[in-house]
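*Asks:* Once you've had a glance at the structure underneath, I'll fire off some questions.
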Amino acid sequence: MKRPSLWIACVPLVFLVALIACVVGVFGDETLSGASQISLLSATAVCLMLGLACCKLSWADFEQVVRSRVGDVSVALLILLLIGGLAGSWMVGGIVPTFIYYGMELVSPKWFLVTSCVICAIVSVMTGSSWTTIATIGVVLMGIGTALGLHVGWTAGAIISGAYFGDKVSPLSDTTVLASSVVGTPLFTHIRYMMFTTVPTFTITLLIFTFKGFGMDEADMSQVLEVQHALSSTFCISPWFFIVPLLTLAMIMRRMPSVAVLFFSVLMGCAAMLIAQGHLLDQIADDASLVERRFRAVLIAIYGSTNLHTGSDVLDDLVSTSGMAGMMDTIWLIICATIFGAAMTATGMIETIVYHMQRLVRGTVSLVASTAFTGIFLNITCADQFLSIILSSHMFQKMYQEGGYESRLESRTVEDSATVTSVLIPWNTCGMTQSRVLGVSTFLYAPYCIFCYLSPLMSILMAAIGFHIYRKE
């Protein structure tokens with residue numbers, strides 16, 4: 001097969017960026033519901049037409065690469081389904097509400113910014129979703145911050161920093177699973193390795209918010225009390241529920257396979273539902289005998305949508321779940337992006353782009369910096385963090401392999417850049433969503449999202465000092 005020239009190799013990428021720009025302008029934050037997937041398949045068609053016409057690509061070669069690439073992400077798709085089931089069972093089982101309830105106890109007027117950041121981090125780790133955290137607890141905290149007289153940019157920055165920290169390190173997060181699986185890094189290995197950059201960055205973030213919060217000593221805490229009352233009125237709240245995440249953490253520390261950990265965690269969530277939240281199960285399925293109601297409700301919480309009524313509109317959104325079915329848009333996107341990557345690989349276009357980029361890379365620091373800035377650039381041009389994660393991973397994977405680096409260096413760098421900087425771009429799906437939810441302009445809150453813009457810099461710094469940079473034996 002003939003290797004394509006650089007300008008031919010860039011045509012599918014340029015076409016994809018242009019199409020995504022049109023899609024984002026028309027569909028906004030609904031692009032993940034299908035428009036982005038169609039854009040990827042359209043770019044795949046352009047890539048294949050160029051490959052068949054200019055590169056002498058055979059269709060059998062393309063199908064072989066697709067089978068290989070889809071097979072590589074099959075475990076990640078299973079993990080995403082289990083994460084959906086886990087989110088549903090832990091929410092209805094009262095485990096996540098218990099964390100939220102006691103997390104709200106941490107709210108102190110004098111330390112509002114830092115406690116808001118910590119609360120959002122806890123909720124985001126437990127739910128695996130920065131979007132859900134910001135749209136629920138974040139909205140409540142914005143109201144409290146306004147009552148305190150704080151600048152809305154500071155409050156939004158603290159909320160977003162905490163939410164994206166939790167999203168980044170949570171094994172329930174689809175972006176975390178995606179970043180690790182695309183380059184072939186085991187999920188918990190990826191999360192542990194991220195701690196070398198994420199913990200220092202989050203510590204600096206908390207220190208800045210702590211100093212900023214000095215002098216705040218009066219506030220109206222009625223909204224916090226309202227949320228806590230609604231939680232305790234709806235769920236059985238008990239410190240005993242902390243046993244479930246502690247057992248999950250123990251399994252993670254023993255380095256059990258991700259699928260096994262998630263499966264047993266779902267079972268523990270089901271046990272919590274049956275033992276403590278029978279009244280909620282009756283609310284989910286109320287048209288059968290007792291045994292049948294409980295059986296149906298448990299399965300619905302795992303695979304389908306649940307809409308619990310708490311008496312608070314904010315909490316109704318937070319405690320509603322979509323189970324495994326809620327992961328289908330992400331799974332669809334991953335499959336389409338994987339097929340696009342397979343087309344770029346089969347035609348040799350990725351190889352051409354990487355060859356020209358490789359000439360600019362000199363050592364570990366430039367490789368990590370190139371990966372980070374590419375993730376940011378794709379967030380700006382493709383306007384979606386999922387596409388940024390997948391495309392930047394594929395573009396640099398061969399360079400990390402040839403350099404002898406372990407895959408976790410690439411997966412961490414991609415997370416440190418593509419995942420957390422998406423919210424800083426006004427036309428990115430993340431930036432548009434959070435701006436609208438919080439009622440604050442992206443340009444207004446971006447300077448205060450300290451964690452988000454320090455993360456890629458910390459990744460480059462760790463590469464520069466050579467801290468825990470592993471190579472294959």
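To be explicit about the labels: the chains of the structure tokens are called A, B, and onward in the order shown, and within each one the residues are counted from 1, while ligands get numbers from 1 in the order they are shown.
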List the spatial neighbours of A:Cys22 as a PDB file with all heavy atoms, in the first residue's frame - criterion: any atom at most 12 Å away, only C-alpha atoms, same-chain residues fewer than 2 positions off excluded.

*Replies:*
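File produced: around17.pdb:
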```pdb
ATOM      1  N   PHE A  15     -11.895  17.722   7.565  1.00  0.00           N
ATOM      2  CA  PHE A  15     -13.322  17.505   7.288  1.00  0.00           C
ATOM      3  C   PHE A  15     -14.087  17.244   8.582  1.00  0.00           C
ATOM      4  O   PHE A  15     -15.182  17.791   8.796  1.00  0.00           O
ATOM      5  CB  PHE A  15     -13.486  16.317   6.333  1.00  0.00           C
ATOM      6  CG  PHE A  15     -14.921  15.964   6.031  1.00  0.00           C
ATOM      7  CD1 PHE A  15     -15.630  16.654   5.067  1.00  0.00           C
ATOM      8  CD2 PHE A  15     -15.563  14.945   6.726  1.00  0.00           C
ATOM      9  CE1 PHE A  15     -16.959  16.342   4.794  1.00  0.00           C
ATOM     10  CE2 PHE A  15     -16.880  14.621   6.466  1.00  0.00           C
ATOM     11  CZ  PHE A  15     -17.580  15.315   5.492  1.00  0.00           C
ATOM     12  N   LEU A  16     -13.509  16.415   9.468  1.00  0.00           N
ATOM     13  CA  LEU A  16     -14.165  16.105  10.736  1.00  0.00           C
ATOM     14  C   LEU A  16     -14.317  17.351  11.605  1.00  0.00           C
ATOM     15  O   LEU A  16     -15.380  17.598  12.184  1.00  0.00           O
ATOM     16  CB  LEU A  16     -13.370  15.036  11.490  1.00  0.00           C
ATOM     17  CG  LEU A  16     -13.891  14.655  12.885  1.00  0.00           C
ATOM     18  CD1 LEU A  16     -15.287  14.057  12.788  1.00  0.00           C
ATOM     19  CD2 LEU A  16     -12.938  13.679  13.567  1.00  0.00           C
ATOM     20  N   VAL A  17     -13.249  18.147  11.692  1.00  0.00           N
ATOM     21  CA  VAL A  17     -13.296  19.362  12.505  1.00  0.00           C
ATOM     22  C   VAL A  17     -14.365  20.318  11.981  1.00  0.00           C
ATOM     23  O   VAL A  17     -15.147  20.889  12.754  1.00  0.00           O
ATOM     24  CB  VAL A  17     -11.914  20.046  12.529  1.00  0.00           C
ATOM     25  CG1 VAL A  17     -12.009  21.441  13.133  1.00  0.00           C
ATOM     26  CG2 VAL A  17     -10.915  19.202  13.312  1.00  0.00           C
ATOM     27  N   ALA A  18     -14.427  20.501  10.652  1.00  0.00           N
ATOM     28  CA  ALA A  18     -15.415  21.398  10.060  1.00  0.00           C
ATOM     29  C   ALA A  18     -16.840  20.897  10.311  1.00  0.00           C
ATOM     30  O   ALA A  18     -17.747  21.680  10.644  1.00  0.00           O
ATOM     31  CB  ALA A  18     -15.157  21.527   8.562  1.00  0.00           C
ATOM     32  N   LEU A  19     -17.028  19.589  10.172  1.00  0.00           N
ATOM     33  CA  LEU A  19     -18.362  19.023  10.367  1.00  0.00           C
ATOM     34  C   LEU A  19     -18.781  19.110  11.838  1.00  0.00           C
ATOM     35  O   LEU A  19     -19.941  19.428  12.149  1.00  0.00           O
ATOM     36  CB  LEU A  19     -18.382  17.564   9.892  1.00  0.00           C
ATOM     37  CG  LEU A  19     -19.757  16.900   9.733  1.00  0.00           C
ATOM     38  CD1 LEU A  19     -20.655  17.738   8.822  1.00  0.00           C
ATOM     39  CD2 LEU A  19     -19.594  15.486   9.180  1.00  0.00           C
ATOM     40  N   ILE A  20     -17.839  18.844  12.750  1.00  0.00           N
ATOM     41  CA  ILE A  20     -18.138  18.939  14.180  1.00  0.00           C
ATOM     42  C   ILE A  20     -18.501  20.385  14.544  1.00  0.00           C
ATOM     43  O   ILE A  20     -19.409  20.631  15.348  1.00  0.00           O
ATOM     44  CB  ILE A  20     -16.938  18.464  15.022  1.00  0.00           C
ATOM     45  CG1 ILE A  20     -16.787  16.939  14.922  1.00  0.00           C
ATOM     46  CG2 ILE A  20     -17.092  18.886  16.480  1.00  0.00           C
ATOM     47  CD1 ILE A  20     -17.879  16.160  15.605  1.00  0.00           C
ATOM     48  N   VAL A  24     -21.939  21.272  16.353  1.00  0.00           N
ATOM     49  CA  VAL A  24     -22.003  21.936  17.651  1.00  0.00           C
ATOM     50  C   VAL A  24     -22.840  23.214  17.559  1.00  0.00           C
ATOM     51  O   VAL A  24     -23.620  23.539  18.456  1.00  0.00           O
ATOM     52  CB  VAL A  24     -20.585  22.247  18.178  1.00  0.00           C
ATOM     53  CG1 VAL A  24     -20.644  23.145  19.406  1.00  0.00           C
ATOM     54  CG2 VAL A  24     -19.853  20.958  18.516  1.00  0.00           C
ATOM     55  N   GLY A  25     -22.684  23.940  16.457  1.00  0.00           N
ATOM     56  CA  GLY A  25     -23.461  25.160  16.292  1.00  0.00           C
ATOM     57  C   GLY A  25     -24.951  24.903  16.181  1.00  0.00           C
ATOM     58  O   GLY A  25     -25.765  25.709  16.628  1.00  0.00           O
ATOM     59  N   VAL A  26     -25.323  23.771  15.615  1.00  0.00           N
ATOM     60  CA  VAL A  26     -26.746  23.456  15.422  1.00  0.00           C
ATOM     61  C   VAL A  26     -27.344  22.736  16.628  1.00  0.00           C
ATOM     62  O   VAL A  26     -28.431  23.065  17.102  1.00  0.00           O
ATOM     63  CB  VAL A  26     -26.936  22.591  14.152  1.00  0.00           C
ATOM     64  CG1 VAL A  26     -28.391  22.132  14.031  1.00  0.00           C
ATOM     65  CG2 VAL A  26     -26.532  23.375  12.914  1.00  0.00           C
ATOM     66  N   PHE A  27     -26.602  21.730  17.163  1.00  0.00           N
ATOM     67  CA  PHE A  27     -27.163  20.872  18.207  1.00  0.00           C
ATOM     68  C   PHE A  27     -26.737  21.261  19.627  1.00  0.00           C
ATOM     69  O   PHE A  27     -27.335  20.791  20.590  1.00  0.00           O
ATOM     70  CB  PHE A  27     -26.758  19.407  17.961  1.00  0.00           C
ATOM     71  CG  PHE A  27     -27.430  18.791  16.768  1.00  0.00           C
ATOM     72  CD1 PHE A  27     -26.845  18.850  15.511  1.00  0.00           C
ATOM     73  CD2 PHE A  27     -28.642  18.152  16.903  1.00  0.00           C
ATOM     74  CE1 PHE A  27     -27.455  18.279  14.407  1.00  0.00           C
ATOM     75  CE2 PHE A  27     -29.266  17.580  15.809  1.00  0.00           C
ATOM     76  CZ  PHE A  27     -28.669  17.650  14.556  1.00  0.00           C
ATOM     77  N   GLY A  28     -25.688  22.053  19.771  1.00  0.00           N
ATOM     78  CA  GLY A  28     -25.244  22.438  21.104  1.00  0.00           C
ATOM     79  C   GLY A  28     -24.802  21.248  21.924  1.00  0.00           C
ATOM     80  O   GLY A  28     -24.070  20.381  21.443  1.00  0.00           O
ATOM     81  N   THR A  31     -25.019  17.211  20.946  1.00  0.00           N
ATOM     82  CA  THR A  31     -24.252  16.604  19.849  1.00  0.00           C
ATOM     83  C   THR A  31     -23.923  15.138  20.105  1.00  0.00           C
ATOM     84  O   THR A  31     -23.781  14.354  19.168  1.00  0.00           O
ATOM     85  CB  THR A  31     -22.942  17.371  19.623  1.00  0.00           C
ATOM     86  OG1 THR A  31     -22.210  17.435  20.844  1.00  0.00           O
ATOM     87  CG2 THR A  31     -23.217  18.775  19.148  1.00  0.00           C
ATOM     88  N   ALA A  35     -25.336  13.241  16.547  1.00  0.00           N
ATOM     89  CA  ALA A  35     -24.735  14.081  15.515  1.00  0.00           C
ATOM     90  C   ALA A  35     -23.226  13.886  15.428  1.00  0.00           C
ATOM     91  O   ALA A  35     -22.652  13.819  14.328  1.00  0.00           O
ATOM     92  CB  ALA A  35     -25.053  15.551  15.785  1.00  0.00           C
ATOM     93  N   SER A  36     -22.555  13.792  16.580  1.00  0.00           N
ATOM     94  CA  SER A  36     -21.104  13.563  16.562  1.00  0.00           C
ATOM     95  C   SER A  36     -20.763  12.210  15.959  1.00  0.00           C
ATOM     96  O   SER A  36     -19.770  12.063  15.229  1.00  0.00           O
ATOM     97  CB  SER A  36     -20.547  13.646  17.992  1.00  0.00           C
ATOM     98  OG  SER A  36     -20.613  14.960  18.495  1.00  0.00           O
ATOM     99  N   SER A  39     -20.985  12.423  12.298  1.00  0.00           N
ATOM    100  CA  SER A  39     -19.823  13.168  11.811  1.00  0.00           C
ATOM    101  C   SER A  39     -18.610  12.248  11.690  1.00  0.00           C
ATOM    102  O   SER A  39     -17.861  12.310  10.702  1.00  0.00           O
ATOM    103  CB  SER A  39     -19.509  14.329  12.757  1.00  0.00           C
ATOM    104  OG  SER A  39     -20.601  15.216  12.855  1.00  0.00           O
ATOM    105  N   THR A 381     -10.778  22.621  18.542  1.00  0.00           N
ATOM    106  CA  THR A 381     -11.216  22.422  17.160  1.00  0.00           C
ATOM    107  C   THR A 381     -12.366  21.430  17.030  1.00  0.00           C
ATOM    108  O   THR A 381     -13.309  21.664  16.263  1.00  0.00           O
ATOM    109  CB  THR A 381     -10.036  21.953  16.298  1.00  0.00           C
ATOM    110  OG1 THR A 381      -9.440  20.780  16.893  1.00  0.00           O
ATOM    111  CG2 THR A 381      -8.980  23.034  16.188  1.00  0.00           C
ATOM    112  N   CYS A 382     -12.308  20.311  17.777  1.00  0.00           N
ATOM    113  CA  CYS A 382     -13.363  19.297  17.684  1.00  0.00           C
ATOM    114  C   CYS A 382     -14.527  19.569  18.630  1.00  0.00           C
ATOM    115  O   CYS A 382     -15.600  18.982  18.481  1.00  0.00           O
ATOM    116  CB  CYS A 382     -12.795  17.903  17.970  1.00  0.00           C
ATOM    117  SG  CYS A 382     -11.673  17.308  16.695  1.00  0.00           S
ATOM    118  N   ALA A 383     -14.299  20.427  19.633  1.00  0.00           N
ATOM    119  CA  ALA A 383     -15.352  20.876  20.552  1.00  0.00           C
ATOM    120  C   ALA A 383     -15.985  19.736  21.344  1.00  0.00           C
ATOM    121  O   ALA A 383     -17.143  19.827  21.745  1.00  0.00           O
ATOM    122  CB  ALA A 383     -16.440  21.643  19.779  1.00  0.00           C
ATOM    123  N   TRP A 427     -17.097  27.076  23.237  1.00  0.00           N
ATOM    124  CA  TRP A 427     -17.883  26.375  22.234  1.00  0.00           C
ATOM    125  C   TRP A 427     -17.754  24.851  22.344  1.00  0.00           C
ATOM    126  O   TRP A 427     -18.351  24.125  21.576  1.00  0.00           O
ATOM    127  CB  TRP A 427     -17.480  26.820  20.824  1.00  0.00           C
ATOM    128  CG  TRP A 427     -16.010  26.748  20.567  1.00  0.00           C
ATOM    129  CD1 TRP A 427     -15.296  25.672  20.123  1.00  0.00           C
ATOM    130  CD2 TRP A 427     -15.057  27.806  20.754  1.00  0.00           C
ATOM    131  NE1 TRP A 427     -13.970  25.984  20.023  1.00  0.00           N
ATOM    132  CE2 TRP A 427     -13.789  27.290  20.398  1.00  0.00           C
ATOM    133  CE3 TRP A 427     -15.164  29.129  21.174  1.00  0.00           C
ATOM    134  CZ2 TRP A 427     -12.634  28.066  20.462  1.00  0.00           C
ATOM    135  CZ3 TRP A 427     -14.009  29.897  21.246  1.00  0.00           C
ATOM    136  CH2 TRP A 427     -12.768  29.369  20.886  1.00  0.00           C
TER     137      TRP A 427
END
```

*Asks:* Excluding stretch 256-260 of chain A and residues on its chain fewer than 4 positions from it, collect all residues at most 12 Å away from it, counting only C-alpha atoms, and give them as a count of residues only.

*Replies:* 33

*Asks:* Would you give me, as a ChimeraX atom specification, the residues in stretch 161-385 of chain A that DSSP reads as alpha helix (DSSP H)?

*Replies:* /A:161-169,174-182,187-212,222-234,243-253,258-276,278-284,290-303,313-319,328-346,349-358,363-382,385

*Asks:* Show me a table, sorted first by chain and then by increasing residue number, of the residues of stretch 161-205 of chain A having an atom at most 7 Å from stretch 404-423 of chain A, each with its shortest atom pair and the distance in Å to one decimal, counting only C-alpha atoms and written as CSV.

*Replies:*
```
residue,atom,partner,partner_atom,distance
A:Tyr164,CA,A:Val420,CA,6.3
A:Thr175,CA,A:Thr419,CA,7.0
A:Ala179,CA,A:Ser411,CA,5.5
A:Ser180,CA,A:Ser411,CA,5.5
A:Val183,CA,A:Ser407,CA,6.3
A:Gly184,CA,A:Ser407,CA,6.7
A:Thr185,CA,A:Arg408,CA,5.7
A:His190,CA,A:Arg408,CA,5.7
A:Tyr193,CA,A:Arg408,CA,6.9
A:Met194,CA,A:Arg412,CA,5.6
```

*Asks:* Which residues, written as a PyMOL selection string, have at least one atom at most 7 Å from A:Gly88, with only C-alpha atoms counted and residues fewer than 6 positions away on the same chain left out?

*Replies:* chain A and resi 301-302+321-323

*Asks:* Might you pull out every residue within 12 Å of stretch 463-468 of chain A, with only C-alpha atoms counted and same-chain residues fewer than 2 positions away left off, and present them as a ChimeraX atom specification?

*Replies:* /A:192-197,363-372,405-406,408-410,412-413,456-461,470-471

*Asks:* Go through A:Leu274, A:Ala346, A:Ile380, A:Val114 and flag the residue nearest A:Ile208, using only C-alpha atoms for the distances.

*Replies:*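 For A:Ile208, the nearest of the candidates is A:Val114.
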
*Asks:* Can you list every residue of stretch 181-263 of chain A that has an atom at most 12 Å from stretch 307-316 of chain A, with its nearest atom pair and the distance in Å to one decimal, using only C-alpha atoms, ordered by chain then number, as CSV?

*Replies:*
```
residue,atom,partner,partner_atom,distance
A:Gln223,CA,A:Val314,CA,10.5
A:Val224,CA,A:Leu315,CA,11.5
A:Leu225,CA,A:Ser312,CA,11.8
A:Glu226,CA,A:Ser312,CA,8.2
A:Val227,CA,A:Leu315,CA,7.1
A:Gln228,CA,A:Leu315,CA,9.8
A:His229,CA,A:Thr310,CA,9.5
A:Ala230,CA,A:Thr310,CA,5.8
A:Leu231,CA,A:Thr310,CA,7.1
A:Ser232,CA,A:Thr310,CA,9.4
A:Ser233,CA,A:Thr310,CA,7.4
A:Thr234,CA,A:Thr310,CA,5.6
A:Phe235,CA,A:Thr310,CA,8.9
```

*Asks:* Find the distance between atom CA of A:Gln37 and atom CA of A:Gly85 and write it in Å to one decimal.

*Replies:*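 So the two atoms, atom CA of A:Gln37 and atom CA of A:Gly85, lie 23.6 Å apart.
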
*Asks:* Quick one: pull the distance between atom CA of A:Leu246 and atom CA of A:Ile450, Å, one decimal.

*Replies:*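 The value is 29.4 Å.
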
*Asks:* Would you compute the distance between atom CA of A:Leu113 and atom CA of A:Ala156? Give it in Å to one decimal.

*Replies:*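 If I compute the distance from atom CA of A:Leu113 to atom CA of A:Ala156, I get 9.4 Å.
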
*Asks:* From the set A:Ile95, A:Ile350, A:Thr433, A:Asp384, which residue has the shortest atom-to-atom contact distance to A:Trp7, counting only C-alpha atoms?

*Replies:*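 Selected residue with least distance to A:Trp7: A:Ile350.
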
*Asks:* Quick one: residues within 9 Å of A:Ser173, only C-alpha atoms, excluding same-chain residues fewer than 6 positions away - as a VMD selection string?

*Replies:* chain A and resid 80 83 124 to 125 127 to 130 166 to 167

*Asks:* Go through A:Val244, A:Cys55, A:Ile425, A:Leu333 and flag the residue nearest A:Cys270, using only C-alpha atoms for the distances.

*Replies:*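 So, comparing all the options, the nearest one is A:Val244.
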